[in-house]
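File shown here: target_37.txt, holding compact mmCIF, C-alpha atoms.
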# COMPACT_ATOMS: atom_id res chain seq x y z
CA MET A 1 90.62 -24.51 41.09
CA LYS A 2 87.43 -24.82 43.05
CA LYS A 3 86.71 -21.07 42.65
CA GLU A 4 87.38 -21.24 38.91
CA TRP A 5 85.05 -24.21 38.57
CA ILE A 6 82.28 -22.37 40.43
CA ALA A 7 82.78 -19.24 38.28
CA ALA A 8 82.61 -21.32 35.12
CA LEU A 9 79.42 -22.98 36.34
CA VAL A 10 77.81 -19.61 37.13
CA ALA A 11 78.82 -18.22 33.74
CA ALA A 12 77.33 -21.26 32.01
CA ALA A 13 74.10 -20.84 33.96
CA VAL A 14 73.89 -17.18 32.96
CA ILE A 15 74.45 -18.08 29.33
CA VAL A 16 71.72 -20.70 29.48
CA ILE A 17 69.26 -18.26 31.07
CA PHE A 18 69.94 -15.54 28.49
CA SER A 19 69.61 -18.10 25.72
CA VAL A 20 66.23 -19.27 27.02
CA VAL A 21 65.01 -15.68 27.32
CA ALA A 22 66.25 -14.88 23.84
CA ILE A 23 64.59 -17.96 22.41
CA ARG A 24 61.26 -17.18 24.13
CA HIS A 25 61.43 -13.58 22.92
CA HIS A 26 62.14 -14.77 19.41
CA MET A 27 59.25 -17.24 19.60
CA HIS A 28 56.79 -14.48 20.55
CA ALA A 29 58.19 -11.79 18.28
CA SER A 30 56.10 -10.62 15.32
CA THR A 31 57.57 -9.81 11.95
CA PRO A 32 55.62 -7.24 9.89
CA ILE A 33 54.69 -8.59 6.45
CA VAL A 34 53.12 -6.59 3.60
CA VAL A 35 50.33 -8.26 1.61
CA ASP A 36 49.10 -6.54 -1.55
CA GLY A 37 45.38 -6.18 -2.21
CA THR A 38 42.98 -3.73 -3.80
CA ILE A 39 40.34 -1.38 -2.49
CA GLU A 40 36.87 -2.66 -3.21
CA CYS A 41 33.38 -1.28 -2.73
CA ASP A 42 29.91 -2.07 -3.96
CA GLU A 43 29.04 -1.23 -7.55
CA ILE A 44 25.45 -0.47 -8.47
CA SER A 45 24.10 -0.81 -11.99
CA VAL A 46 21.57 1.94 -12.67
CA SER A 47 18.74 0.91 -15.00
CA SER A 48 15.13 1.76 -15.75
CA LYS A 49 12.00 -0.22 -14.99
CA ILE A 50 10.63 0.61 -18.44
CA PRO A 51 12.09 0.44 -21.95
CA GLY A 52 12.70 3.68 -23.82
CA ARG A 53 15.10 5.95 -25.63
CA ILE A 54 17.60 7.94 -23.59
CA GLU A 55 16.76 11.59 -24.04
CA LYS A 56 19.63 12.91 -21.96
CA LEU A 57 22.35 11.63 -19.67
CA LEU A 58 22.97 14.20 -16.95
CA VAL A 59 26.23 12.82 -15.53
CA ASP A 60 29.60 11.73 -16.80
CA GLU A 61 32.22 9.27 -15.61
CA GLY A 62 33.99 10.34 -12.44
CA MET A 63 31.22 12.69 -11.28
CA GLN A 64 30.19 12.40 -7.66
CA VAL A 65 26.51 11.85 -6.96
CA LYS A 66 24.31 11.64 -3.90
CA PRO A 67 20.92 10.02 -3.32
CA GLY A 68 18.22 11.82 -5.31
CA ASP A 69 20.53 13.38 -7.91
CA ALA A 70 19.11 13.16 -11.45
CA LEU A 71 21.17 10.84 -13.64
CA ALA A 72 19.22 10.42 -16.89
CA VAL A 73 15.92 11.21 -18.60
CA LEU A 74 14.05 8.93 -20.99
CA GLU A 75 11.70 10.09 -23.73
CA SER A 76 8.15 10.06 -22.38
CA GLN A 77 5.76 11.18 -25.13
CA GLU A 78 3.84 7.89 -25.19
CA LEU A 79 3.70 7.73 -21.41
CA ASP A 80 2.59 11.38 -21.24
CA ALA A 81 -0.27 10.51 -23.62
CA LYS A 82 -1.22 7.50 -21.49
CA VAL A 83 -1.20 9.66 -18.36
CA THR A 84 -3.45 12.22 -20.08
CA GLN A 85 -5.79 9.47 -21.24
CA ALA A 86 -5.90 7.77 -17.85
CA THR A 87 -6.47 11.09 -16.09
CA ALA A 88 -9.37 11.93 -18.41
CA ALA A 89 -10.88 8.48 -17.86
CA TYR A 90 -10.60 8.93 -14.10
CA GLN A 91 -12.25 12.34 -14.24
CA ALA A 92 -15.07 10.94 -16.37
CA ALA A 93 -15.54 8.08 -13.91
CA GLN A 94 -15.68 10.59 -11.06
CA GLU A 95 -18.38 12.55 -12.90
CA LYS A 96 -20.41 9.38 -13.41
CA THR A 97 -20.06 8.59 -9.73
CA ALA A 98 -21.27 12.08 -8.84
CA GLN A 99 -24.22 11.76 -11.25
CA ALA A 100 -25.13 8.38 -9.78
CA GLY A 101 -24.98 9.91 -6.31
CA THR A 102 -27.26 12.77 -7.36
CA ALA A 103 -29.72 10.35 -8.95
CA LEU A 104 -29.70 8.26 -5.79
CA THR A 105 -30.37 11.31 -3.62
CA LEU A 106 -33.27 12.42 -5.84
CA GLN A 107 -34.68 8.90 -5.92
CA GLN A 108 -34.49 8.66 -2.15
CA LYS A 109 -36.23 12.01 -1.72
CA THR A 110 -38.91 11.05 -4.27
CA PHE A 111 -39.42 7.70 -2.60
CA VAL A 112 -39.77 9.24 0.85
CA GLY A 113 -42.21 11.90 -0.39
CA GLN A 114 -44.33 9.45 -2.34
CA LEU A 115 -44.41 7.00 0.54
CA LYS A 116 -45.48 9.63 3.03
CA GLN A 117 -48.18 10.89 0.65
CA ALA A 118 -49.46 7.38 -0.07
CA GLU A 119 -49.55 6.53 3.62
CA ALA A 120 -51.44 9.75 4.35
CA GLN A 121 -53.97 9.01 1.60
CA TYR A 122 -54.42 5.43 2.79
CA ASN A 123 -55.02 6.56 6.35
CA ALA A 124 -57.45 9.21 5.11
CA ARG A 125 -59.40 6.58 3.14
CA LEU A 126 -59.57 4.38 6.24
CA GLU A 127 -60.94 7.33 8.18
CA GLU A 128 -63.50 7.92 5.44
CA VAL A 129 -64.62 4.31 5.71
CA HIS A 130 -64.93 4.67 9.45
CA GLN A 131 -66.98 7.86 9.13
CA ALA A 132 -69.15 6.35 6.39
CA GLU A 133 -69.83 3.29 8.50
CA GLU A 134 -70.78 5.53 11.43
CA LEU A 135 -73.10 7.43 9.10
CA VAL A 136 -74.68 4.16 7.93
CA ASN A 137 -75.27 3.16 11.52
CA GLN A 138 -76.93 6.49 12.24
CA SER A 139 -78.93 6.32 8.99
CA GLN A 140 -80.07 2.78 9.77
CA ALA A 141 -81.31 3.91 13.20
CA ALA A 142 -83.10 6.91 11.70
CA TYR A 143 -84.59 4.76 8.92
CA LYS A 144 -85.84 2.18 11.40
CA THR A 145 -87.53 4.88 13.51
CA ALA A 146 -89.08 6.56 10.45
CA SER A 147 -90.14 3.20 9.03
CA ASP A 148 -91.83 2.12 12.24
CA THR A 149 -93.59 5.47 12.57
CA TYR A 150 -94.69 5.37 8.94
CA ARG A 151 -96.17 1.89 9.36
CA ARG A 152 -98.10 2.96 12.46
CA TYR A 153 -99.52 6.13 10.91
CA LYS A 154 -100.14 4.74 7.44
CA GLY A 155 -103.95 4.50 6.77
CA LEU A 156 -104.97 6.60 9.74
CA PHE A 157 -105.81 9.51 7.43
CA ALA A 158 -108.24 7.32 5.50
CA ASP A 159 -109.86 6.36 8.74
CA GLY A 160 -110.16 10.00 9.69
CA VAL A 161 -107.88 9.66 12.70
CA ILE A 162 -105.16 12.11 11.62
CA PRO A 163 -105.18 14.93 9.17
CA GLU A 164 -103.71 14.44 5.70
CA GLN A 165 -100.86 16.86 6.33
CA THR A 166 -99.62 14.85 9.30
CA GLU A 167 -99.62 11.64 7.31
CA GLN A 168 -97.75 13.34 4.48
CA GLU A 169 -95.07 14.66 6.88
CA ILE A 170 -94.55 11.19 8.38
CA GLU A 171 -94.28 9.66 4.91
CA TYR A 172 -91.83 12.36 3.86
CA LYS A 173 -89.61 11.65 6.89
CA TYR A 174 -89.73 7.94 6.08
CA LEU A 175 -88.71 8.46 2.50
CA ALA A 176 -85.97 10.91 3.52
CA ALA A 177 -84.56 8.42 6.06
CA LYS A 178 -84.63 5.67 3.41
CA ALA A 179 -82.83 7.91 0.92
CA GLN A 180 -80.26 8.93 3.54
CA LEU A 181 -79.58 5.26 4.39
CA GLY A 182 -79.07 4.44 0.75
CA ALA A 183 -76.70 7.38 0.35
CA ALA A 184 -74.77 6.33 3.45
CA GLU A 185 -74.45 2.75 2.21
CA SER A 186 -73.27 4.03 -1.19
CA LYS A 187 -70.72 6.24 0.53
CA VAL A 188 -69.40 3.27 2.52
CA LYS A 189 -68.98 1.34 -0.70
CA GLN A 190 -67.13 4.24 -2.29
CA ALA A 191 -64.98 4.62 0.82
CA HIS A 192 -64.00 0.95 0.65
CA GLN A 193 -63.10 1.35 -3.01
CA GLY A 194 -61.00 4.37 -2.04
CA VAL A 195 -59.17 2.25 0.56
CA VAL A 196 -58.40 -0.38 -2.09
CA ALA A 197 -57.06 2.28 -4.44
CA ALA A 198 -55.03 3.92 -1.64
CA ALA A 199 -53.62 0.53 -0.64
CA ALA A 200 -52.53 -0.06 -4.25
CA ALA A 201 -50.91 3.38 -4.38
CA LEU A 202 -49.15 2.69 -1.07
CA GLN A 203 -47.81 -0.59 -2.40
CA LEU A 204 -46.54 1.18 -5.51
CA ALA A 205 -44.82 3.73 -3.30
CA LYS A 206 -43.20 0.95 -1.31
CA ASP A 207 -42.14 -0.79 -4.51
CA ALA A 208 -40.30 2.40 -5.42
CA SER A 209 -37.70 1.34 -2.85
CA LEU A 210 -36.48 -1.10 -5.50
CA GLN A 211 -35.58 1.88 -7.63
CA VAL A 212 -33.59 3.25 -4.69
CA ASN A 213 -31.72 -0.05 -4.46
CA LEU A 214 -31.00 0.06 -8.19
CA ARG A 215 -29.68 3.60 -7.84
CA GLN A 216 -27.49 2.46 -4.96
CA GLN A 217 -26.12 -0.35 -7.11
CA ASP A 218 -25.48 2.10 -9.95
CA LYS A 219 -23.58 4.38 -7.59
CA ALA A 220 -21.51 1.47 -6.21
CA ALA A 221 -20.67 0.30 -9.74
CA ALA A 222 -19.69 3.82 -10.76
CA ALA A 223 -17.50 4.13 -7.65
CA GLN A 224 -15.75 0.85 -8.51
CA MET A 225 -15.13 2.03 -12.05
CA ALA A 226 -13.73 5.30 -10.69
CA GLU A 227 -11.45 3.36 -8.34
CA ALA A 228 -10.21 1.21 -11.23
CA ALA A 229 -9.63 4.32 -13.35
CA HIS A 230 -7.77 5.90 -10.44
CA GLY A 231 -5.52 2.86 -10.22
CA GLN A 232 -4.81 3.01 -13.95
CA MET A 233 -3.99 6.70 -13.66
CA ASN A 234 -1.62 6.02 -10.76
CA GLU A 235 0.02 3.24 -12.75
CA ALA A 236 0.48 5.49 -15.77
CA GLN A 237 1.92 8.24 -13.57
CA ALA A 238 4.25 5.73 -11.90
CA TYR A 239 5.58 4.66 -15.30
CA GLN A 240 5.90 8.31 -16.26
CA ASN A 241 7.97 8.95 -13.13
CA GLU A 242 10.26 6.08 -14.14
CA THR A 243 11.42 8.13 -17.14
CA LYS A 244 13.53 10.13 -14.69
CA ILE A 245 16.41 8.15 -13.22
CA PHE A 246 17.86 9.20 -9.86
CA SER A 247 20.89 8.07 -7.92
CA PRO A 248 20.04 5.60 -5.16
CA VAL A 249 23.34 6.00 -3.25
CA TYR A 250 26.22 8.29 -2.50
CA GLY A 251 29.22 7.62 -4.73
CA TYR A 252 30.69 8.40 -8.12
CA VAL A 253 29.96 7.35 -11.70
CA SER A 254 32.50 4.71 -12.67
CA GLU A 255 31.19 3.82 -16.14
CA LYS A 256 28.76 5.07 -18.77
CA ILE A 257 27.32 2.04 -20.49
CA SER A 258 24.73 3.80 -22.68
CA ASN A 259 24.66 7.14 -24.49
CA ASN A 260 22.13 9.77 -25.50
CA GLY A 261 19.66 8.58 -28.12
CA GLU A 262 20.14 4.87 -27.46
CA MET A 263 17.24 2.54 -26.84
CA VAL A 264 17.45 0.66 -23.57
CA SER A 265 15.31 -2.21 -22.41
CA ALA A 266 13.87 -2.58 -18.92
CA GLY A 267 16.62 -3.56 -16.52
CA PHE A 268 19.45 -2.82 -18.95
CA PRO A 269 22.18 -0.86 -17.10
CA MET A 270 22.85 2.67 -18.30
CA LEU A 271 25.42 3.67 -15.67
CA THR A 272 27.52 2.10 -12.97
CA ILE A 273 27.87 3.89 -9.65
CA VAL A 274 30.51 2.94 -7.12
CA ARG A 275 29.32 3.34 -3.56
CA ALA A 276 31.73 5.79 -1.91
CA ASN A 277 31.11 5.10 1.75
CA ASP A 278 31.88 1.43 2.18
CA PHE A 279 35.50 0.84 1.17
CA LYS A 280 37.13 -2.47 2.01
CA VAL A 281 40.37 -4.29 1.30
CA LYS A 282 40.39 -8.06 0.80
CA VAL A 283 43.57 -10.11 1.03
CA TYR A 284 44.33 -13.83 1.22
CA VAL A 285 46.97 -14.97 3.68
CA ASP A 286 48.50 -18.14 5.06
CA GLU A 287 46.32 -19.53 7.86
CA SER A 288 49.35 -20.90 9.69
CA LYS A 289 50.87 -17.43 10.01
CA TYR A 290 47.85 -15.16 10.47
CA GLY A 291 45.24 -17.36 12.06
CA HIS A 292 45.87 -15.58 15.36
CA LEU A 293 44.20 -12.37 14.15
CA SER A 294 40.80 -11.52 15.62
CA LEU A 295 37.90 -9.33 14.53
CA GLY A 296 38.20 -5.68 15.43
CA THR A 297 42.01 -5.69 15.21
CA PRO A 298 43.40 -2.39 13.82
CA ILE A 299 45.28 -3.00 10.55
CA LYS A 300 47.71 -0.62 8.88
CA VAL A 301 47.16 -0.07 5.14
CA ILE A 302 49.55 1.73 2.75
CA LEU A 303 48.12 3.37 -0.38
CA PRO A 304 50.74 3.86 -3.15
CA ALA A 305 48.33 6.00 -5.23
CA LEU A 306 48.19 8.53 -2.37
CA ASN A 307 52.00 8.89 -1.98
CA ASN A 308 52.21 5.81 0.21
CA GLN A 309 49.93 7.36 2.79
CA GLU A 310 49.24 5.11 5.73
CA VAL A 311 45.68 4.67 6.95
CA THR A 312 44.28 2.46 9.66
CA GLY A 313 41.49 0.01 8.94
CA THR A 314 39.58 -2.49 11.05
CA LEU A 315 39.47 -6.23 10.51
CA ILE A 316 35.76 -6.99 10.05
CA ARG A 317 35.72 -10.48 8.58
CA ILE A 318 37.82 -13.62 8.64
CA SER A 319 36.86 -16.56 6.49
CA GLN A 320 36.01 -19.37 8.85
CA SER A 321 36.05 -22.09 6.20
CA ALA A 322 39.69 -21.47 5.28
CA ASP A 323 39.28 -22.99 1.83
CA PHE A 324 40.08 -20.18 -0.56
CA ALA A 325 43.37 -21.55 -1.88
CA THR A 326 45.65 -24.45 -1.11
CA LYS A 327 49.12 -23.11 -0.42
CA ARG A 328 50.92 -26.45 -0.09
CA ALA A 329 49.87 -30.07 -0.27
CA THR A 330 52.03 -33.07 0.57
CA ASN A 331 51.74 -36.74 1.46
CA GLU A 332 54.67 -36.71 3.82
CA GLN A 333 53.95 -38.33 7.13
CA GLY A 334 53.06 -35.77 9.85
CA SER A 335 52.47 -32.89 7.40
CA TYR A 336 49.22 -31.20 6.46
CA ASP A 337 47.76 -28.90 3.78
CA VAL A 338 48.21 -25.19 4.39
CA ARG A 339 45.29 -23.12 3.11
CA GLY A 340 44.68 -19.43 2.63
CA ILE A 341 42.12 -17.45 4.61
CA GLN A 342 40.42 -14.26 3.55
CA LEU A 343 40.81 -11.10 5.60
CA VAL A 344 38.48 -8.13 5.02
CA ILE A 345 39.63 -4.75 6.36
CA LYS A 346 37.17 -1.87 6.42
CA LEU A 347 38.59 1.61 5.75
CA ASN A 348 37.22 4.87 7.03
CA ASP A 349 35.41 6.98 4.42
CA ASP A 350 37.67 9.14 2.29
CA SER A 351 36.64 10.95 -0.91
CA ARG A 352 40.06 10.20 -2.43
CA PHE A 353 39.54 6.45 -2.37
CA ARG A 354 38.71 4.76 -5.65
CA ASN A 355 37.59 1.27 -6.47
CA GLY A 356 40.54 -0.86 -7.58
CA MET A 357 43.31 1.18 -5.91
CA THR A 358 46.29 -0.84 -4.76
CA ALA A 359 46.31 -1.30 -1.00
CA ARG A 360 49.31 -2.77 0.83
CA VAL A 361 48.16 -4.41 4.04
CA VAL A 362 50.76 -4.57 6.82
CA LEU A 363 50.34 -7.67 9.00
CA ASP A 364 52.30 -9.01 11.98
CA GLU A 365 53.31 -12.60 11.35
CA ASP A 366 52.97 -14.85 14.40
CA LYS A 367 56.34 -16.54 15.12
CA HIS A 368 55.07 -18.47 18.16
Encoding of this model in structure tokens:
Amino acid sequence: MKKEWIAALVAAAVIVIFSVVAIRHHMHASTPIVVDGTIECDEISVSSKIPGRIEKLLVDEGMQVKPGDALAVLESQELDAKVTQATAAYQAAQEKTAQAGTALTLQQKTFVGQLKQAEAQYNARLEEVHQAEELVNQSQAAYKTASDTYRRYKGLFADGVIPEQTEQEIEYKYLAAKAQLGAAESKVKQAHQGVVAAAAALQLAKDASLQVNLRQQDKAAAAQMAEAAHGQMNEAQAYQNETKIFSPVYGYVSEKISNNGEMVSAGFPMLTIVRANDFKVKVYVDESKYGHLSLGTPIKVILPALNNQEVTGTLIRISQSADFATKRATNEQGSYDVRGIQLVIKLNDDSRFRNGMTARVVLDEDKH
């Protein structure tokens, strides 16, 4: 009996151990659950910055496009005319700037030449004054000598001291010295008048610098006008370039909103392009069952449209607020509201993917 009791006790212990192991295994086991979602990607509305009539749409729905591909062309006759007008105005402004520059150069050369000439003449007149004054000094000395001699010898002929010829020669020298002094004094006066005239001419030459300043201002104003005209030309050309619409992204045309010949306003969408390199799947799940998932976890996704092909995505976002949808609310004591959380799974690029495709996300439910 004792052996049977021990065997029974051992068997019971084994059963308990296996039961505990089984329960722990069941608690940590994960049950795969399939949650249906859809493939999503960014949609871009293609529009124009300017209003106009669509001359030609170059793509159709379903066509693949890449950055820089031409999508549409707007009529541009008015803009072409504005570009022509703005270009002509810019060219005219450039010509005026060039003319103002030429006038400034000529004015500067004229000013420099006139100034140099006037300075040379003024210096020459000063030298003439100096020479005339030296001549006056010499003439005054000669006149004084001749005058003194004439006074000493005057009357000596009458007294019979000197011959008549000698007296006449002395008188002649006196008169000549007097005439020379008068001429020298007159020349000094004329030289001073020449200095005054040369000084006036020099001042006029210096005043011509004001004309140079005016020419410089004219050139600066013309350059500003040319710069403004250049900006208007660039603006007109920029608007002209906006008549050609290009794809900003890689993707495919999902919808044609406008057609050839239609008028579109600025910002009105003509086409919708689905970005083809950023596919995601969004699903909402019970936070109590899938809150254990972490970013970067590989997630299996089944695509019914591709013969139930299985692809592997990566969990890139989990809503931290957990307030997308209330799954159950109760006032029972000890219970709580169960909310849904959003999971975003990024898929690898595949040209077969389309926006809105059904995607069945396979998740492991936590049974802990």
Quick one: distance from CA of Gln138 (chain A) to CA of Leu175 (chain A) in Å, one decimal? 15.4 Å
Close residues, Ala132 (chain A) itself excluded, 8 Å, all atoms listed in the file, min 2 positions apart in chain, as an mmCIF file with C-alpha atoms, keeping the file's coordinate frame:
data_model
loop_
_atom_site.group_PDB
_atom_site.id
_atom_site.type_symbol
_atom_site.label_atom_id
_atom_site.label_comp_id
_atom_site.auth_asym_id
_atom_site.auth_seq_id
_atom_site.Cartn_x
_atom_site.Cartn_y
_atom_site.Cartn_z
ATOM 1 C CA GLU A 128 -63.500 7.920 5.440
ATOM 2 C CA VAL A 129 -64.620 4.310 5.710
ATOM 3 C CA HIS A 130 -64.930 4.670 9.450
ATOM 4 C CA GLU A 134 -70.780 5.530 11.430
ATOM 5 C CA LEU A 135 -73.100 7.430 9.100
ATOM 6 C CA VAL A 136 -74.680 4.160 7.930
ATOM 7 C CA ALA A 184 -74.770 6.330 3.450
ATOM 8 C CA GLU A 185 -74.450 2.750 2.210
ATOM 9 C CA LYS A 187 -70.720 6.240 0.530
ATOM 10 C CA VAL A 188 -69.400 3.270 2.520
ATOM 11 C CA ALA A 191 -64.980 4.620 0.820
#
Point-to-point distance from CA of Ile257 (chain A) to CA of Leu271 (chain A), Å rounded to tenths: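 Spanning CA of Ile257 (chain A) to CA of Leu271 (chain A) is a straight-line distance of 5.4 Å.
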Counting only C-alpha atoms, the residue among A:Glu43, A:Leu74, A:Ala183, A:Asp69 that lies closest to Tyr239 (chain A) is A:Leu74
Shell around region 351-359 of chain A at 6 Å using only C-alpha atoms, local window under 4 positions removed, as an NGL selection string: :A and (36-40 or 302-303)
Report, in Å with one decimal, the straight-line distance from CA of Glu242 (chain A) to CA of Ala223 (chain A).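 CA of Glu242 (chain A) sits 28.6 Å away from CA of Ala223 (chain A).
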Can you list, as a PyMOL selection string, every protein, DNA or RNA residue that comes within 10 Å of Gln108 (chain A) when you count all atoms listed in the file, leaving out same-chain residues fewer than 3 positions away? chain A and resi 102-105+111-114+208-209+211-213+215-216
Kindly complete region 235-247 of chain A to N, CA and C atoms; the output should be written as a short mmCIF file (atom, residue, chain, number, x, y, z; two decimals), in the coordinates of the input.
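Saved result, part-v9.cif, follows:
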data_model
loop_
_atom_site.label_atom_id
_atom_site.label_comp_id
_atom_site.auth_asym_id
_atom_site.auth_seq_id
_atom_site.Cartn_x
_atom_site.Cartn_y
_atom_site.Cartn_z
N GLU A 235 -0.96 4.09 -12.07
CA GLU A 235 0.02 3.24 -12.75
C GLU A 235 0.71 4.00 -13.87
N ALA A 236 -0.10 4.71 -14.67
CA ALA A 236 0.48 5.49 -15.77
C ALA A 236 1.44 6.56 -15.25
N GLN A 237 1.05 7.22 -14.15
CA GLN A 237 1.92 8.24 -13.57
C GLN A 237 3.20 7.62 -13.00
N ALA A 238 3.07 6.41 -12.43
CA ALA A 238 4.25 5.73 -11.90
C ALA A 238 5.23 5.42 -13.01
N TYR A 239 4.70 4.92 -14.16
CA TYR A 239 5.58 4.66 -15.30
C TYR A 239 6.18 5.96 -15.84
N GLN A 240 5.38 7.02 -15.81
CA GLN A 240 5.90 8.31 -16.26
C GLN A 240 7.05 8.78 -15.36
N ASN A 241 6.91 8.56 -14.06
CA ASN A 241 7.97 8.95 -13.13
C ASN A 241 9.25 8.14 -13.36
N GLU A 242 9.09 6.92 -13.89
CA GLU A 242 10.26 6.08 -14.14
C GLU A 242 11.10 6.58 -15.31
N THR A 243 10.61 7.57 -16.05
CA THR A 243 11.42 8.13 -17.14
C THR A 243 12.54 9.02 -16.60
N LYS A 244 12.47 9.35 -15.32
CA LYS A 244 13.53 10.13 -14.69
C LYS A 244 14.29 9.21 -13.74
N ILE A 245 15.58 9.07 -13.99
CA ILE A 245 16.41 8.15 -13.22
C ILE A 245 17.22 8.94 -12.20
N PHE A 246 17.16 8.51 -10.94
CA PHE A 246 17.86 9.20 -9.86
C PHE A 246 18.86 8.26 -9.21
N SER A 247 19.86 8.86 -8.60
CA SER A 247 20.89 8.07 -7.92
C SER A 247 20.32 7.50 -6.62
#
